[in-house]
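Enquirer: Handing you this structure, nothing more for now.
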Amino acid sequence: MVSHNAPRDFVSLGMFIIDEFSFADEDGKSTGKMLAPQIGGGGTYAAIGSRIWLPPSKLGMIIDRGNDFPAYIQQALDAYGADMWLYRDNPDRGTTRALNAYRGEHRGYEGVLIIHGSHARRPDVRLWHSFEYLTPRIRISPRDLEGTKLARPKIIHFICSPTRAGAIVSEIKQDKEWQPTTVFEPIPDRCVPEELPALKDVLPDISVLSPNAEEALSLLSMPPRPTKELVEEACSRFLDMGVGPDGNGAVVIRSGAMGACVAQRGLFFSWVDAYWGGPEGASKVVDVTGAGNSFLGGLAAGLVLTNGDVREATLYATVSASFTIEQEGLPRLTDTTGADGQKVEHWNGDLPHRRLRELQDRLAAAKGTK
């Protein structure tokens, strides 16, 4: 059965999670810091990254709502636009929850390396972060969209292993009347060399491949400390494997404070600076959790708004990420009324299009000095 609603521009197959937190010092002793459970999940952050640019009616994701779904979280979600969420209620189970355990001090660009279900440490920073599911996960697949308001979106985003991506793509291809743009975000703990054969198999069906720098280097068994030269080499290797139909796909490697590298066959590498990059932006970076997910939601919206221009869409992605890293949790949406009487949306008190123009001007100025 197929929904008769107009197709959404963007849908994420990522999950909604209620995040719980614990904080300890470098010796593992509790710091006493408390943080209430909050909205999480890669799909949620991707949806909000897209929502920064698109109205609720143009995007969406599925939320599995259990019997313990907090009213304050429901209210917070509805504030972004109730139409973007598709709830599946199950009174017999709880909502998916995960524990984010932090040990150390820094949660900015240079410090966070998220390893699902295990501990990790970067030698140049003082932070450990572990992520562990407290309840069973519920996977979302393209079949779950059939017959709903989210059926057959123009762009579909998934966060998973390359092996799982192959299964998702196979489901998509079973619907001969649906050829979406596919945005694949490899899940961190499966960015290992053993997954490279599965990645090669699925790449011809991927429109945009976007690991972060550490993940890309890990998949390719390259030196683990990212530099722009290594990131560009990783982009080239992925393109050589054949990304997208006829090799016309793109690779966008998210590289934290260095920005994002955009690579397409036959074109020069393009770097888009982080909006809050450099020493002057460091004070604005509070927590990078979800930044990559929201980046890709913003990228999808950018593809819609720029008629498929990946490089320009990466600017939209960068702005989406800039709002996500300014606080713990999701960015704040408020409405004001403009001089013309029209509603104007502010995110963290700022206008996304103002940041977009600033980033465009900054990049144009940098290009002009070369």
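Identifiers in the structure tokens: chain A, B, ... in order shown; residue index from 1 per chain; ligand index from 1 in order shown.
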Write out as a list in words which residues come within 9 Å of A:Gly298 when counting only C-alpha atoms, dropping same-chain ones fewer than 6 positions away.

Expert: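 Counting only C-alpha atoms, the residues come to Ala46, Ala47, Ile48, Gly49, Ser50, Arg51, Ile52, Trp53, Ala313, Thr314, Leu315, Tyr316, Ala317, Thr318, Val319, Ser320 and Ala321 of chain A.
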
Enquirer: Find the nearest atom pair between each residue of stretch 144-193 of chain A and stretch 213-237 of chain A for residues within 12 Å, count only C-alpha atoms, give distances in Å to one decimal, sort rows by chain and ascending number, and present the table as a Markdown table.

Expert:
```
| residue | atom | partner | partner_atom | distance |
| --- | --- | --- | --- | --- |
| A:Ser161 | CA | A:Leu219 | CA | 11.2 |
| A:Pro162 | CA | A:Leu219 | CA | 10.4 |
| A:Glu185 | CA | A:Glu215 | CA | 10.1 |
| A:Pro186 | CA | A:Glu215 | CA | 8.0 |
| A:Ile187 | CA | A:Glu215 | CA | 8.6 |
| A:Pro188 | CA | A:Glu215 | CA | 6.3 |
| A:Asp189 | CA | A:Glu215 | CA | 8.6 |
| A:Arg190 | CA | A:Leu219 | CA | 8.4 |
| A:Cys191 | CA | A:Leu219 | CA | 5.1 |
| A:Val192 | CA | A:Leu219 | CA | 4.6 |
| A:Pro193 | CA | A:Leu219 | CA | 4.6 |
```

Enquirer: Determine, using only C-alpha atoms, which residues of stretch 187-278 of chain A have any atom at most 12 Å from an atom of stretch 344-355 of chain A, and tabulate each with its shortest atom pair and distance in Å to one decimal place, rows ordered by chain and then rising number, as a Markdown table.

Expert:
```
| residue | atom | partner | partner_atom | distance |
| --- | --- | --- | --- | --- |
| A:Ala274 | CA | A:Arg355 | CA | 11.6 |
| A:Tyr275 | CA | A:Arg355 | CA | 8.2 |
| A:Trp276 | CA | A:Arg355 | CA | 10.6 |
```

Enquirer: Go ahead and write the residues just picked, N, CA, C and O atoms, as a PDB file, in the first residue's frame.

Expert:
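Dumped to selection-v8.pdb:
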```pdb
ATOM      1  N   ALA A 274      34.494  24.771   9.050  1.00  0.00           N
ATOM      2  CA  ALA A 274      33.538  24.704  10.146  1.00  0.00           C
ATOM      3  C   ALA A 274      33.081  26.119  10.475  1.00  0.00           C
ATOM      4  O   ALA A 274      33.886  27.062  10.489  1.00  0.00           O
ATOM      5  N   TYR A 275      31.797  26.299  10.739  1.00  0.00           N
ATOM      6  CA  TYR A 275      31.296  27.640  11.031  1.00  0.00           C
ATOM      7  C   TYR A 275      31.947  28.189  12.292  1.00  0.00           C
ATOM      8  O   TYR A 275      32.324  29.356  12.343  1.00  0.00           O
ATOM      9  N   TRP A 276      32.068  27.360  13.310  1.00  0.00           N
ATOM     10  CA  TRP A 276      32.702  27.779  14.546  1.00  0.00           C
ATOM     11  C   TRP A 276      34.142  27.272  14.610  1.00  0.00           C
ATOM     12  O   TRP A 276      34.621  26.812  15.631  1.00  0.00           O
TER      13      TRP A 276
END
```

Enquirer: Between A:Ala257, A:Val262, A:Val202, A:Cys160, which has the minimum distance to A:Met241 (counting only C-alpha atoms)?

Expert: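 Of A:Ala257, A:Val262, A:Val202, A:Cys160, the one nearest A:Met241, counting only C-alpha atoms, is A:Val202.
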
Enquirer: Which is closest to A:Ile138 among A:Gly66, A:Gly81, A:Gly297, A:Gly40, if we use only C-alpha atoms?

Expert: A:Gly66

Enquirer: Need the shell around stretch 26-39 of chain A: protein/DNA/RNA residues with any atom at most 7 Å away, counting only C-alpha atoms. Skip same-chain ones fewer than 5 positions apart. Format as a PyMOL selection string?

Expert: chain A and resi 17-21+73+103-104+329

Enquirer: Store the residues of this selection in a file with C-alpha atoms, as a compact mmCIF listing (two decimals), in the first residue's frame.

Expert:
```txt
# COMPACT_ATOMS: atom_id res chain seq x y z
CA ILE A 17 16.64 7.55 21.76
CA ILE A 18 16.17 8.96 25.24
CA ASP A 19 19.70 9.78 26.34
CA GLU A 20 20.78 9.39 29.94
CA PHE A 21 24.09 10.70 31.29
CA ILE A 73 10.04 15.23 25.81
CA ARG A 103 34.98 10.80 31.91
CA GLY A 104 37.19 13.87 31.68
CA GLY A 329 20.98 18.72 23.44
```

Enquirer: Residues within 7 Å of stretch 153-159 of chain A, please, as a list in words. Count only C-alpha atoms; anything in the same chain fewer than 6 positions from it doesn't count.

Expert: Pro7, Arg8, Asp9, Phe10, Val11, Ser12, Leu13, Gly14, Pro180, Thr181, Thr182, Val183, Phe184, Glu185, Pro186, Ile187 and Ala300 of chain A

Enquirer: To test your reading of the structure, identify every residue in stretch 133-349 of chain A that backbone DSSP assigns to alpha helix (DSSP H), and report it as a VMD selection string.

Expert: chain A and resid 162 to 173 196 to 202 213 to 219 228 to 241 291 to 305 310 to 324

Enquirer: Can you list, as a ChimeraX atom specification, every residue of stretch 261-333 of chain A that DSSP puts in strand (DSSP E or B)?

Expert: /A:261-264,270-272,333

Enquirer: Export, as a PDB file, in the first residue's frame, the selected residues with all heavy atoms.

Expert:
```pdb
ATOM      1  N   CYS A 261      35.301  17.941   3.772  1.00  0.00           N
ATOM      2  CA  CYS A 261      35.869  17.787   2.439  1.00  0.00           C
ATOM      3  C   CYS A 261      34.821  17.183   1.519  1.00  0.00           C
ATOM      4  O   CYS A 261      34.265  16.125   1.810  1.00  0.00           O
ATOM      5  CB  CYS A 261      37.106  16.900   2.484  1.00  0.00           C
ATOM      6  SG  CYS A 261      37.950  16.739   0.882  1.00  0.00           S
ATOM      7  N   VAL A 262      34.556  17.858   0.408  1.00  0.00           N
ATOM      8  CA  VAL A 262      33.574  17.410  -0.571  1.00  0.00           C
ATOM      9  C   VAL A 262      34.316  16.906  -1.804  1.00  0.00           C
ATOM     10  O   VAL A 262      35.149  17.628  -2.370  1.00  0.00           O
ATOM     11  CB  VAL A 262      32.618  18.551  -0.970  1.00  0.00           C
ATOM     12  CG1 VAL A 262      31.553  18.049  -1.934  1.00  0.00           C
ATOM     13  CG2 VAL A 262      31.988  19.170   0.266  1.00  0.00           C
ATOM     14  N   ALA A 263      34.008  15.680  -2.202  1.00  0.00           N
ATOM     15  CA  ALA A 263      34.705  15.083  -3.335  1.00  0.00           C
ATOM     16  C   ALA A 263      33.708  14.470  -4.305  1.00  0.00           C
ATOM     17  O   ALA A 263      32.799  13.742  -3.902  1.00  0.00           O
ATOM     18  CB  ALA A 263      35.691  14.013  -2.860  1.00  0.00           C
ATOM     19  N   GLN A 264      33.884  14.787  -5.582  1.00  0.00           N
ATOM     20  CA  GLN A 264      33.091  14.211  -6.660  1.00  0.00           C
ATOM     21  C   GLN A 264      34.013  13.906  -7.826  1.00  0.00           C
ATOM     22  O   GLN A 264      34.999  14.618  -8.068  1.00  0.00           O
ATOM     23  CB  GLN A 264      31.985  15.177  -7.100  1.00  0.00           C
ATOM     24  CG  GLN A 264      30.946  15.460  -6.035  1.00  0.00           C
ATOM     25  CD  GLN A 264      30.007  16.580  -6.435  1.00  0.00           C
ATOM     26  OE1 GLN A 264      30.301  17.753  -6.253  1.00  0.00           O
ATOM     27  NE2 GLN A 264      28.861  16.195  -6.995  1.00  0.00           N
ATOM     28  N   SER A 270      36.886  20.107  -2.494  1.00  0.00           N
ATOM     29  CA  SER A 270      36.367  21.369  -1.972  1.00  0.00           C
ATOM     30  C   SER A 270      36.247  21.249  -0.463  1.00  0.00           C
ATOM     31  O   SER A 270      35.598  20.331   0.051  1.00  0.00           O
ATOM     32  CB  SER A 270      34.998  21.681  -2.594  1.00  0.00           C
ATOM     33  OG  SER A 270      34.474  22.881  -2.081  1.00  0.00           O
ATOM     34  N   TRP A 271      36.881  22.182   0.243  1.00  0.00           N
ATOM     35  CA  TRP A 271      36.798  22.197   1.705  1.00  0.00           C
ATOM     36  C   TRP A 271      35.854  23.310   2.149  1.00  0.00           C
ATOM     37  O   TRP A 271      35.960  24.445   1.690  1.00  0.00           O
ATOM     38  CB  TRP A 271      38.174  22.422   2.326  1.00  0.00           C
ATOM     39  CG  TRP A 271      39.012  21.183   2.374  1.00  0.00           C
ATOM     40  CD1 TRP A 271      39.865  20.720   1.414  1.00  0.00           C
ATOM     41  CD2 TRP A 271      39.061  20.234   3.441  1.00  0.00           C
ATOM     42  NE1 TRP A 271      40.451  19.542   1.816  1.00  0.00           N
ATOM     43  CE2 TRP A 271      39.975  19.220   3.064  1.00  0.00           C
ATOM     44  CE3 TRP A 271      38.431  20.143   4.686  1.00  0.00           C
ATOM     45  CZ2 TRP A 271      40.265  18.134   3.886  1.00  0.00           C
ATOM     46  CZ3 TRP A 271      38.722  19.062   5.506  1.00  0.00           C
ATOM     47  CH2 TRP A 271      39.622  18.072   5.104  1.00  0.00           C
ATOM     48  N   VAL A 272      34.935  22.961   3.023  1.00  0.00           N
ATOM     49  CA  VAL A 272      34.028  23.935   3.625  1.00  0.00           C
ATOM     50  C   VAL A 272      34.399  24.056   5.087  1.00  0.00           C
ATOM     51  O   VAL A 272      34.349  23.073   5.841  1.00  0.00           O
ATOM     52  CB  VAL A 272      32.554  23.500   3.472  1.00  0.00           C
ATOM     53  CG1 VAL A 272      31.639  24.465   4.208  1.00  0.00           C
ATOM     54  CG2 VAL A 272      32.179  23.413   1.997  1.00  0.00           C
ATOM     55  N   LEU A 333      14.300  26.448  19.123  1.00  0.00           N
ATOM     56  CA  LEU A 333      13.532  27.109  18.074  1.00  0.00           C
ATOM     57  C   LEU A 333      12.546  28.095  18.698  1.00  0.00           C
ATOM     58  O   LEU A 333      11.771  27.730  19.591  1.00  0.00           O
ATOM     59  CB  LEU A 333      12.768  26.078  17.245  1.00  0.00           C
ATOM     60  CG  LEU A 333      11.737  26.608  16.241  1.00  0.00           C
ATOM     61  CD1 LEU A 333      12.406  27.473  15.178  1.00  0.00           C
ATOM     62  CD2 LEU A 333      10.983  25.444  15.604  1.00  0.00           C
TER      63      LEU A 333
END
```

Enquirer: What's the 7 Å shell around stretch 166-168 of chain A, counting only C-alpha atoms, without same-chain residues fewer than 2 positions away, as a ChimeraX atom specification?

Expert: /A:141-142,162-164,170-172,202

Enquirer: Choose the residue, out of A:Tyr87, A:Asp335, A:Tyr80, A:Asp92, that has the smallest atom-to-atom separation from A:Ile63; count only C-alpha atoms.

Expert: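 Checking each candidate against A:Ile63, we get A:Tyr87 as the closest.
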
Enquirer: Do a neighbour search on A:Ala101 at 10 Å with only C-alpha atoms, toss out local chain neighbours closer than 4 positions, and write the hits as a ChimeraX atom specification.

Expert: /A:20-24,119,128-132

Enquirer: Keeping only all heavy atoms, write those residues as an mmCIF file, in the first residue's frame.

Expert:
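In the end it all went to result29.cif:
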```
data_model
loop_
_atom_site.group_PDB
_atom_site.id
_atom_site.type_symbol
_atom_site.label_atom_id
_atom_site.label_comp_id
_atom_site.auth_asym_id
_atom_site.auth_seq_id
_atom_site.Cartn_x
_atom_site.Cartn_y
_atom_site.Cartn_z
ATOM 1 N N GLU A 20 20.476 9.178 28.540
ATOM 2 C CA GLU A 20 20.782 9.394 29.943
ATOM 3 C C GLU A 20 22.282 9.625 30.078
ATOM 4 O O GLU A 20 23.056 9.244 29.193
ATOM 5 C CB GLU A 20 20.325 8.192 30.780
ATOM 6 C CG GLU A 20 18.817 7.955 30.679
ATOM 7 C CD GLU A 20 18.336 6.816 31.563
ATOM 8 O OE1 GLU A 20 19.157 6.273 32.342
ATOM 9 O OE2 GLU A 20 17.139 6.477 31.486
ATOM 10 N N PHE A 21 22.713 10.235 31.190
ATOM 11 C CA PHE A 21 24.088 10.701 31.287
ATOM 12 C C PHE A 21 24.704 10.399 32.648
ATOM 13 O O PHE A 21 24.013 10.387 33.671
ATOM 14 C CB PHE A 21 24.157 12.217 31.050
ATOM 15 C CG PHE A 21 23.620 12.640 29.723
ATOM 16 C CD1 PHE A 21 22.270 12.932 29.577
ATOM 17 C CD2 PHE A 21 24.452 12.728 28.627
ATOM 18 C CE1 PHE A 21 21.762 13.312 28.350
ATOM 19 C CE2 PHE A 21 23.953 13.106 27.388
ATOM 20 C CZ PHE A 21 22.611 13.392 27.247
ATOM 21 N N SER A 22 26.003 10.164 32.624
ATOM 22 C CA SER A 22 26.789 10.127 33.853
ATOM 23 C C SER A 22 28.107 10.841 33.577
ATOM 24 O O SER A 22 28.619 10.814 32.453
ATOM 25 C CB SER A 22 27.039 8.680 34.309
ATOM 26 O OG SER A 22 27.915 8.012 33.421
ATOM 27 N N PHE A 23 28.651 11.484 34.627
ATOM 28 C CA PHE A 23 29.863 12.279 34.472
ATOM 29 C C PHE A 23 30.848 11.922 35.581
ATOM 30 O O PHE A 23 30.484 11.871 36.752
ATOM 31 C CB PHE A 23 29.545 13.774 34.520
ATOM 32 C CG PHE A 23 28.602 14.227 33.440
ATOM 33 C CD1 PHE A 23 27.225 14.231 33.667
ATOM 34 C CD2 PHE A 23 29.078 14.631 32.207
ATOM 35 C CE1 PHE A 23 26.354 14.651 32.675
ATOM 36 C CE2 PHE A 23 28.214 15.049 31.213
ATOM 37 C CZ PHE A 23 26.850 15.051 31.445
ATOM 38 N N ALA A 24 32.085 11.678 35.174
ATOM 39 C CA ALA A 24 33.137 11.353 36.134
ATOM 40 C C ALA A 24 34.394 12.134 35.786
ATOM 41 O O ALA A 24 34.568 12.599 34.648
ATOM 42 C CB ALA A 24 33.420 9.851 36.131
ATOM 43 N N HIS A 119 34.747 2.079 25.421
ATOM 44 C CA HIS A 119 35.456 3.294 25.788
ATOM 45 C C HIS A 119 36.509 3.613 24.747
ATOM 46 O O HIS A 119 37.072 2.733 24.117
ATOM 47 C CB HIS A 119 36.140 3.125 27.152
ATOM 48 C CG HIS A 119 35.187 3.163 28.293
ATOM 49 N ND1 HIS A 119 34.465 2.063 28.687
ATOM 50 C CD2 HIS A 119 34.828 4.171 29.128
ATOM 51 C CE1 HIS A 119 33.715 2.379 29.738
ATOM 52 N NE2 HIS A 119 33.917 3.649 30.012
ATOM 53 N N TRP A 128 36.975 10.693 27.977
ATOM 54 C CA TRP A 128 36.472 9.390 27.566
ATOM 55 C C TRP A 128 34.961 9.534 27.387
ATOM 56 O O TRP A 128 34.295 10.251 28.125
ATOM 57 C CB TRP A 128 36.717 8.328 28.634
ATOM 58 C CG TRP A 128 38.144 7.993 28.917
ATOM 59 C CD1 TRP A 128 39.083 8.777 29.519
ATOM 60 C CD2 TRP A 128 38.794 6.749 28.648
ATOM 61 N NE1 TRP A 128 40.268 8.120 29.639
ATOM 62 C CE2 TRP A 128 40.125 6.858 29.122
ATOM 63 C CE3 TRP A 128 38.383 5.544 28.055
ATOM 64 C CZ2 TRP A 128 41.034 5.825 29.012
ATOM 65 C CZ3 TRP A 128 39.298 4.516 27.955
ATOM 66 C CH2 TRP A 128 40.605 4.657 28.420
ATOM 67 N N HIS A 129 34.430 8.849 26.415
ATOM 68 C CA HIS A 129 32.981 8.822 26.242
ATOM 69 C C HIS A 129 32.579 7.410 25.859
ATOM 70 O O HIS A 129 33.101 6.852 24.902
ATOM 71 C CB HIS A 129 32.545 9.796 25.141
ATOM 72 C CG HIS A 129 31.075 9.710 24.821
ATOM 73 N ND1 HIS A 129 30.563 10.029 23.593
ATOM 74 C CD2 HIS A 129 30.010 9.324 25.564
ATOM 75 C CE1 HIS A 129 29.253 9.861 23.576
ATOM 76 N NE2 HIS A 129 28.896 9.433 24.777
ATOM 77 N N SER A 130 31.691 6.834 26.623
ATOM 78 C CA SER A 130 31.145 5.532 26.243
ATOM 79 C C SER A 130 29.656 5.676 25.994
ATOM 80 O O SER A 130 28.982 6.512 26.603
ATOM 81 C CB SER A 130 31.406 4.478 27.325
ATOM 82 O OG SER A 130 30.643 4.747 28.486
ATOM 83 N N PHE A 131 29.175 4.882 25.074
ATOM 84 C CA PHE A 131 27.767 4.906 24.691
ATOM 85 C C PHE A 131 27.260 3.480 24.759
ATOM 86 O O PHE A 131 27.823 2.588 24.131
ATOM 87 C CB PHE A 131 27.626 5.468 23.277
ATOM 88 C CG PHE A 131 26.215 5.489 22.748
ATOM 89 C CD1 PHE A 131 25.432 6.618 22.869
ATOM 90 C CD2 PHE A 131 25.677 4.380 22.123
ATOM 91 C CE1 PHE A 131 24.134 6.647 22.370
ATOM 92 C CE2 PHE A 131 24.385 4.387 21.623
ATOM 93 C CZ PHE A 131 23.620 5.526 21.751
ATOM 94 N N GLU A 132 26.206 3.267 25.535
ATOM 95 C CA GLU A 132 25.701 1.908 25.722
ATOM 96 C C GLU A 132 24.180 1.918 25.755
ATOM 97 O O GLU A 132 23.566 2.703 26.479
ATOM 98 C CB GLU A 132 26.236 1.331 27.040
ATOM 99 C CG GLU A 132 25.774 -0.081 27.332
ATOM 100 C CD GLU A 132 26.307 -0.593 28.654
ATOM 101 O OE1 GLU A 132 27.023 0.160 29.349
ATOM 102 O OE2 GLU A 132 25.998 -1.753 28.994
#
```

Enquirer: Nearest to A:Asn90: which of A:Phe69, A:Phe295, A:Phe269, A:Phe238 is it, counting only C-alpha atoms?

Expert: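 Of A:Phe69, A:Phe295, A:Phe269, A:Phe238, the one nearest A:Asn90, counting only C-alpha atoms, is A:Phe69.
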
Enquirer: Please provide the set of residues having any atom within 8 Å of A:Gly290, restricted to only C-alpha atoms, with same-chain residues fewer than 3 positions apart removed, written as an MDAnalysis selection string.

Expert: chainID A and resid 40:42 45:46 293:294 324:325
